[in-house]
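Structure file model25.cif with mmCIF, C-alpha atoms:
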data_data
loop_
_atom_site.label_atom_id
_atom_site.label_comp_id
_atom_site.auth_asym_id
_atom_site.auth_seq_id
_atom_site.Cartn_x
_atom_site.Cartn_y
_atom_site.Cartn_z
CA MET A 185 -0.60 38.56 16.17
CA SER A 186 -2.39 35.23 16.46
CA VAL A 187 -1.38 32.00 14.80
CA ASN A 188 -4.06 29.61 13.64
CA PRO A 189 -3.76 26.00 14.83
CA PHE A 190 -2.93 24.94 11.30
CA LEU A 191 -2.26 21.26 11.98
CA THR A 192 -5.77 20.89 13.35
CA SER A 193 -7.21 22.71 10.32
CA ILE A 194 -5.29 20.43 7.96
CA GLN A 195 -6.54 17.36 9.80
CA ILE A 196 -10.13 18.59 9.41
CA ALA A 197 -9.52 19.38 5.73
CA ARG A 198 -8.16 15.94 4.95
CA LEU A 199 -10.99 14.23 6.79
CA LEU A 200 -13.66 16.26 4.97
CA VAL A 201 -12.13 15.32 1.60
CA GLN A 202 -11.92 11.67 2.63
CA TYR A 203 -15.51 11.52 3.89
CA ARG A 204 -16.94 13.39 0.89
CA LYS A 205 -15.25 11.06 -1.58
CA ARG A 206 -16.30 8.00 0.39
CA ALA A 207 -19.91 9.20 0.31
CA LYS A 208 -19.56 9.95 -3.43
CA TYR A 209 -20.60 13.59 -3.04
CA THR A 210 -19.60 16.45 -5.32
CA HIS A 211 -18.89 19.86 -3.84
CA LYS A 212 -22.16 21.14 -5.33
CA ARG A 213 -24.29 18.34 -3.90
CA ALA A 214 -22.79 18.84 -0.44
CA ALA A 215 -23.29 22.60 -0.69
CA ASP A 216 -26.93 22.21 -1.77
CA GLU A 217 -27.79 19.82 1.05
CA LEU A 218 -26.05 21.93 3.69
CA GLY A 219 -27.18 25.32 2.43
CA MET A 220 -23.53 26.27 2.18
CA SER A 221 -21.54 27.81 -0.66
CA VAL A 222 -19.25 25.66 -2.78
CA SER A 223 -16.43 28.10 -2.07
CA LYS A 224 -16.81 27.60 1.70
CA ILE A 225 -16.61 23.82 1.31
CA ARG A 226 -13.50 24.19 -0.84
CA ASP A 227 -11.95 26.52 1.74
CA LEU A 228 -12.62 24.00 4.51
CA GLU A 229 -11.13 21.20 2.40
CA HIS A 230 -7.98 23.25 1.75
CA ALA A 231 -7.57 24.49 5.35
CA ARG A 232 -8.20 28.07 4.20
CA ALA A 233 -11.34 28.78 6.24
CA PRO A 234 -10.74 31.46 8.91
CA HIS A 235 -13.07 29.63 11.30
CA VAL A 236 -14.20 26.02 11.58
CA LYS A 237 -17.56 25.66 13.33
CA TRP A 238 -18.47 22.48 15.15
CA VAL A 239 -22.09 22.85 14.03
CA ASP A 240 -20.92 22.70 10.39
CA MET A 241 -19.09 19.47 11.20
CA LEU A 242 -22.37 18.00 12.46
CA GLY A 243 -23.88 18.85 9.10
CA PHE A 244 -21.09 17.09 7.22
CA ALA A 245 -21.40 14.10 9.55
CA ARG A 246 -25.12 13.85 8.75
CA ILE A 247 -24.93 14.00 4.95
CA TYR A 248 -21.78 11.87 4.68
CA GLY A 249 -23.16 9.20 7.02
CA LEU A 250 -20.34 9.27 9.54
CA SER A 251 -20.16 6.86 12.45
CA PRO A 252 -20.61 8.27 15.98
CA GLU A 253 -16.85 7.94 16.53
CA GLU A 254 -16.02 9.79 13.30
CA GLN A 255 -18.51 12.53 14.13
CA GLU A 256 -17.11 12.92 17.65
CA ASN A 257 -13.56 13.19 16.32
CA LEU A 258 -14.55 15.77 13.69
CA VAL A 259 -16.39 17.91 16.25
CA ARG A 260 -13.48 17.62 18.70
CA LEU A 261 -11.05 18.84 16.06
CA ALA A 262 -13.36 21.74 15.15
CA GLU A 263 -13.56 22.81 18.80
CA ALA A 264 -9.76 22.55 19.11
CA SER A 265 -9.29 24.70 16.01
CA ASP A 266 -11.29 27.50 17.63
CA THR A 267 -9.38 27.48 20.92
CA PRO A 268 -7.52 30.73 21.63
CA ASP A 269 -3.83 29.99 21.28
CA MET A 270 -1.48 30.87 24.13
CA PHE A 271 1.83 30.11 22.50
CA HIS A 272 2.16 32.85 19.91
CA SER A 273 2.40 35.63 22.51
CA LEU A 274 5.64 34.14 23.82
CA LYS A 275 7.35 34.49 20.42
CA ILE A 276 7.78 30.76 19.99
CA PRO A 277 9.93 29.83 16.97
CA SER A 278 7.88 28.33 14.13
CA ALA A 279 9.57 24.94 14.40
CA PHE A 280 8.62 24.62 18.06
CA TYR A 281 5.13 25.96 17.42
CA THR A 282 4.64 23.08 14.98
CA PHE A 283 5.75 20.72 17.73
CA LEU A 284 3.22 22.19 20.17
CA GLN A 285 0.41 21.70 17.67
CA MET A 286 1.48 18.10 17.09
CA GLU A 287 1.53 17.56 20.85
CA LEU A 288 -2.07 18.78 21.11
CA THR A 289 -3.44 16.78 18.16
CA ALA A 290 -1.59 13.44 18.35
CA SER A 291 -3.50 10.35 19.45
CA LYS A 292 -0.35 8.69 20.84
CA ILE A 293 3.00 10.12 21.92
CA MET A 294 6.09 8.07 22.71
CA ILE A 295 8.57 10.19 24.68
CA CYS A 296 12.19 9.25 25.23
CA GLU A 297 14.21 11.61 27.42
CA SER A 298 17.10 10.03 29.26
CA GLU A 299 18.97 13.02 30.72
CA LEU A 300 16.29 15.22 32.30
CA VAL A 301 12.60 14.96 33.18
CA THR A 302 10.64 15.88 30.07
CA GLY A 303 9.16 19.39 30.08
CA LEU A 304 5.55 18.28 29.81
CA PHE A 305 5.70 16.61 33.23
CA GLN A 306 8.09 18.84 35.16
CA THR A 307 7.03 20.33 38.48
CA GLU A 308 7.28 24.09 38.84
CA ASP A 309 10.20 23.78 41.28
CA TYR A 310 12.09 21.46 38.93
CA ASN A 311 11.51 23.81 36.00
CA ASP A 312 12.61 26.81 38.08
CA ALA A 313 15.82 24.98 39.04
CA ILE A 314 16.62 24.22 35.39
CA ARG A 315 16.05 27.82 34.35
CA ASP A 316 18.13 29.15 37.26
CA ASP A 317 21.00 26.79 36.42
CA ASN A 318 21.02 27.99 32.81
CA ALA A 319 20.45 31.73 33.39
CA PRO A 320 21.25 34.17 31.95
CA SER A 321 22.19 32.35 28.74
CA ARG A 322 18.98 30.31 28.54
CA LYS A 323 17.02 31.40 25.49
CA GLY A 324 14.09 30.20 23.44
CA PRO A 325 10.71 28.77 24.44
CA ALA A 326 12.02 26.61 27.28
CA GLY A 327 13.29 29.71 29.04
CA ALA A 328 10.10 31.77 28.84
CA ALA A 329 8.76 32.51 32.31
CA GLY A 330 5.57 30.58 32.93
CA PHE A 331 5.58 29.04 29.46
CA ARG A 332 6.05 25.46 30.54
CA GLN A 333 3.27 25.63 33.12
CA ASP A 334 0.93 27.17 30.52
CA ARG A 335 1.84 24.41 28.08
CA GLN A 336 1.14 21.75 30.70
CA ARG A 337 -2.26 23.24 31.56
CA GLN A 338 -3.29 23.44 27.92
CA PHE A 339 -2.23 19.83 27.40
CA MET A 340 -3.92 18.41 30.49
CA ASP A 341 -7.09 20.54 30.71
CA ARG A 342 -8.80 19.02 27.68
CA PRO A 343 -11.82 16.75 27.24
CA TRP A 344 -9.52 14.02 25.86
CA LEU A 345 -5.90 13.00 26.30
CA PRO A 346 -3.62 10.98 24.04
CA GLU A 347 -1.99 7.70 24.95
CA ILE A 348 1.45 8.47 26.44
CA VAL A 349 4.42 6.15 26.81
CA TYR A 350 7.18 8.03 28.61
CA LEU A 351 10.61 6.39 28.83
CA SER A 352 13.01 7.97 31.31
CA SER A 353 16.17 6.72 32.98
CA GLU A 354 17.39 6.27 36.52
CA ALA A 355 20.09 8.85 35.75
CA ALA A 356 17.48 11.50 34.93
CA LEU A 357 15.57 10.81 38.15
CA ARG A 358 18.66 10.76 40.38
CA ARG A 359 20.29 13.89 38.90
CA GLN A 360 19.99 16.51 41.66
CA VAL A 361 18.19 19.29 39.80
CA GLY A 362 17.25 21.70 42.59
CA GLY A 363 18.32 19.29 45.34
CA PRO A 364 16.89 16.17 47.04
CA GLU A 365 13.58 17.73 48.09
CA VAL A 366 12.80 19.03 44.59
CA MET A 367 13.69 15.66 43.07
CA ALA A 368 11.59 13.72 45.57
CA LYS A 369 8.55 15.84 44.71
CA GLN A 370 9.30 15.52 40.99
CA VAL A 371 9.43 11.74 41.12
CA GLU A 372 6.24 11.61 43.19
CA HIS A 373 4.55 13.88 40.63
CA LEU A 374 5.43 11.43 37.85
CA LYS A 375 4.12 8.52 39.90
CA GLN A 376 0.90 10.40 40.62
CA LEU A 377 0.30 11.08 36.91
CA ASP A 378 1.00 7.42 36.18
CA ARG A 379 -1.57 6.39 38.79
CA ASP A 380 -4.25 8.95 37.87
CA PHE A 381 -4.35 8.60 34.10
CA SER A 382 -4.94 5.16 32.61
CA LEU A 383 -3.64 6.25 29.19
CA PHE A 384 -0.26 7.24 30.68
CA LYS A 385 2.52 4.69 31.02
CA PHE A 386 5.68 5.97 32.72
CA LEU A 387 8.78 3.77 32.59
CA VAL A 388 12.34 4.00 33.95
CA VAL A 389 15.46 2.22 32.70
CA PRO A 390 17.41 1.31 35.87
CA PHE A 391 21.20 1.46 36.12
CA GLU A 392 21.34 -2.32 36.46
CA ALA A 393 19.87 -2.70 32.95
CA GLY A 394 23.17 -1.54 31.47
CA SER A 395 23.27 -0.12 27.97
CA TYR A 396 20.09 0.34 25.95
CA PRO A 397 19.41 1.69 22.42
CA CYS A 398 17.96 5.03 23.53
CA ALA A 399 20.63 5.85 26.10
CA GLY A 400 21.62 9.52 26.02
CA THR A 401 18.92 10.50 23.52
CA ALA A 402 15.79 12.65 23.49
CA PHE A 403 13.05 12.33 20.91
CA ARG A 404 9.30 11.93 20.49
CA ILE A 405 7.25 9.81 18.14
CA PHE A 406 3.81 11.20 17.28
CA GLU A 407 0.96 9.06 15.97
CA PHE A 408 -2.24 10.61 14.58
CA GLU A 409 -5.72 9.13 14.52
CA GLY A 410 -7.04 8.03 11.15
CA GLY A 411 -3.79 8.51 9.25
CA GLU A 412 -4.37 12.23 8.51
CA PHE A 413 -0.68 12.76 9.23
CA PRO A 414 2.19 10.30 8.97
CA LYS A 415 3.82 8.97 12.09
CA THR A 416 6.50 11.57 12.85
CA VAL A 417 9.70 11.68 14.91
CA TYR A 418 10.59 15.00 16.53
CA LEU A 419 14.21 15.74 17.44
CA GLU A 420 15.34 18.92 19.19
CA SER A 421 18.84 20.30 19.67
CA LEU A 422 20.47 23.63 20.53
CA GLU A 423 20.52 24.41 16.81
CA GLY A 424 16.86 23.75 16.11
CA ALA A 425 14.31 21.03 15.48
CA ARG A 426 13.93 18.22 12.95
CA TYR A 427 10.83 16.31 11.89
CA LEU A 428 11.38 12.86 10.39
CA GLU A 429 8.57 11.29 8.38
CA VAL A 430 10.47 8.82 6.16
CA PRO A 431 8.92 5.48 7.17
CA GLU A 432 12.24 3.62 7.38
CA MET A 433 13.70 6.22 9.75
CA VAL A 434 10.56 6.33 11.89
CA VAL A 435 10.59 2.54 12.17
CA SER A 436 14.24 2.66 13.26
CA PHE A 437 13.44 5.07 16.10
CA GLN A 438 10.39 3.07 17.12
CA ASN A 439 12.36 -0.18 17.18
CA ASP A 440 15.00 1.40 19.42
CA PHE A 441 12.25 2.76 21.66
CA GLU A 442 10.53 -0.61 21.95
CA GLU A 443 13.80 -2.42 22.66
CA SER A 444 14.60 0.12 25.38
CA VAL A 445 11.14 -0.30 26.90
CA LYS A 446 11.93 -4.00 27.39
CA LYS A 447 14.71 -3.01 29.82
CA ALA A 448 12.56 -0.54 31.76
CA ILE A 449 10.52 -0.91 34.93
CA PRO A 450 7.21 0.85 35.80
CA ILE A 451 7.87 4.10 37.61
CA LYS A 452 5.71 2.86 40.51
CA ASP A 453 8.49 0.34 41.24
CA PHE A 454 11.24 2.98 41.22
CA ASP A 455 12.57 4.24 44.58
CA LEU A 456 14.61 7.42 44.72
#
Would you mind writing the file out in structure tokens?
Amino acid sequence: MSVNPFLTSIQIARLLVQYRKRAKYTHKRAADELGMSVSKIRDLEHARAPHVKWVDMLGFARIYGLSPEEQENLVRLAEASDTPDMFHSLKIPSAFYTFLQMELTASKIMICESELVTGLFQTEDYNDAIRDDNAPSRKGPAGAAGFRQDRQRQFMDRPWLPEIVYLSSEAALRRQVGGPEVMAKQVEHLKQLDRDFSLFKFLVVPFEAGSYPCAGTAFRIFEFEGGEFPKTVYLESLEGARYLEVPEMVVSFQNDFEESVKKAIPIKDFDL
């Protein structure tokens, strides 16, 4: 059973409503100019359409007078909405599936993980060591064989990547998950990603920095282009996941993140 990438569809829907109203078009006028039914336009604007075609997005861009950047974003979202999804076959819980969709549609992700290397950037050996250490009790999406590598490939093998600020700690990078050789390769992998991708910024809070606001925590802050979704904090525990959208709470997490970043060093300056 497949699961539609609903966050992407909702983003498209909200943008189409926004652009139509800005251009002062009625549903009927848009339908007449595009040779499309009013019901199809309404379905697209309510994220009910079974398929979103990039060629239709070009039509909307033309009649609504979108900028090249707006058109490119709309087409990119349409292409993403039609991508076969790999996650549903692994029986991912709905809360984590929502997280995966946010990860693939966010324009900026701030990651704080102070105890272990975050899953998105783990090497295969590091991931294997974590799963071996937790077997046989390890359950859920993190324990699915091959899942994390599939997730990484889907994230990285795209025509565009989000801005990433990843805050780790010296404790996470010195913890001997799998032994010294595995950890040396893991740290080098993080440094390589930091060097190769200009939108990635990997930071480490050293022991000498002492206490910092994000010590011992793990969370992500997602930002979305154009305000289609609110800035959201994702928290995960053994019991489940939470999504925080209340502005005051999001600001609190972001302030702690930014204060912690001030105590961090670039990962290129970290020696294992």
### Message
For a test of reading the model, state the distance in Å between atom CA of Tyr350 of chain A and atom CA of Leu387 of chain A, rounded to one decimal.
### Response
6.0 Å
### Message
Translate the PyMOL selection byres ((chain A and resi 298) around 8) into a concrete residue list for this structure, as JSON, numbers by chain.
### Response
{"A": [296, 297, 299, 300, 301, 351, 352, 353, 355, 356, 398, 399, 400, 401, 402]}
### Query
What gap, in Å, lies between atom CA of Lys415 of chain A and atom CA of Glu429 of chain A?
6.5 Å
### Message
Which residues are close to segment 211-222 of chain A, i.e. within 12 Å by all atoms listed in the file, leaving aside same-chain residues fewer than 4 positions away? Reply as a ChimeraX atom specification.
### Response
/A:200-201,203-205,207,226-229,239-248
Grab the residues selected above and save them as a PDB file, keeping the file's coordinate frame with C-alpha atoms.
ATOM      1  CA  LEU A 200     -13.660  16.260   4.970  1.00  0.00           C
ATOM      2  CA  VAL A 201     -12.130  15.320   1.600  1.00  0.00           C
ATOM      3  CA  TYR A 203     -15.510  11.520   3.890  1.00  0.00           C
ATOM      4  CA  ARG A 204     -16.940  13.390   0.890  1.00  0.00           C
ATOM      5  CA  LYS A 205     -15.250  11.060  -1.580  1.00  0.00           C
ATOM      6  CA  ALA A 207     -19.910   9.200   0.310  1.00  0.00           C
ATOM      7  CA  ARG A 226     -13.500  24.190  -0.840  1.00  0.00           C
ATOM      8  CA  ASP A 227     -11.950  26.520   1.740  1.00  0.00           C
ATOM      9  CA  LEU A 228     -12.620  24.000   4.510  1.00  0.00           C
ATOM     10  CA  GLU A 229     -11.130  21.200   2.400  1.00  0.00           C
ATOM     11  CA  VAL A 239     -22.090  22.850  14.030  1.00  0.00           C
ATOM     12  CA  ASP A 240     -20.920  22.700  10.390  1.00  0.00           C
ATOM     13  CA  MET A 241     -19.090  19.470  11.200  1.00  0.00           C
ATOM     14  CA  LEU A 242     -22.370  18.000  12.460  1.00  0.00           C
ATOM     15  CA  GLY A 243     -23.880  18.850   9.100  1.00  0.00           C
ATOM     16  CA  PHE A 244     -21.090  17.090   7.220  1.00  0.00           C
ATOM     17  CA  ALA A 245     -21.400  14.100   9.550  1.00  0.00           C
ATOM     18  CA  ARG A 246     -25.120  13.850   8.750  1.00  0.00           C
ATOM     19  CA  ILE A 247     -24.930  14.000   4.950  1.00  0.00           C
ATOM     20  CA  TYR A 248     -21.780  11.870   4.680  1.00  0.00           C
TER      21      TYR A 248
END
### Message
Report as a PyMOL selection string all protein, DNA and RNA residues lying within 9 Å of Gln333 of chain A, evaluated on all atoms listed in the file, omitting residues in the same chain fewer than 6 positions from it.
### Response
chain A and resi 304+306-308+311
So for segment 360-373 of chain A, what box centre and size do we get, axis-aligned, 4 Å extra on each of the six sides, every listed atom, Å to one decimal, as lines of an AutoDock Vina configuration file?
center_x = 12.3
center_y = 16.7
center_z = 43.9
size_x = 23.4
size_y = 18.1
size_z = 16.3
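Counting only C-alpha atoms, the residue from A:Asp380, A:Glu409, A:Asp316, A:Glu372 that sits nearest to Thr192 of chain A is A:Glu409.
Atom pair atom CA of Val349 of chain A / atom CA of Phe381 of chain A: separated by 11.7 Å.
Remark: for Val388 of chain A, the closest of the candidate residues A:Pro450, A:Pro414, A:Gly303, A:Pro234 is A:Pro450 (distances computed over only C-alpha atoms).
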#### Entry: Target residues per the PyMOL selection byres ((chain A and resi 287) around 12), formatted as number ranges by chain
A: 189, 191-192, 280-286, 288-295, 304, 335-336, 338-340, 345-348, 404-408, 416-418
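The list of residues with at least one atom within 7 Å of Val366 of chain A, based on all atoms listed in the file and without residues fewer than 4 positions apart in the same chain, reads A:Asp309, A:Tyr310, A:Gly362, A:Gln370.
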What does the file look like for those residues with C-alpha atoms, as a CSV table (one decimal), in the frame of the given file?
chain,number,residue,atom,x,y,z
A,309,ASP,CA,10.2,23.8,41.3
A,310,TYR,CA,12.1,21.5,38.9
A,362,GLY,CA,17.2,21.7,42.6
A,370,GLN,CA,9.3,15.5,41.0
### Task
With the file shown as input, list the residues that the PyMOL selection byres ((chain A and resi 231) around 8) selects, as a PyMOL selection string.
chain A and resi 190+193-194+196-197+227-230+232-233
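Nearest to Met367 of chain A of all the residues A:Trp344, A:Ile314, A:Val434, A:Asp453 is A:Ile314, based on only C-alpha atoms.
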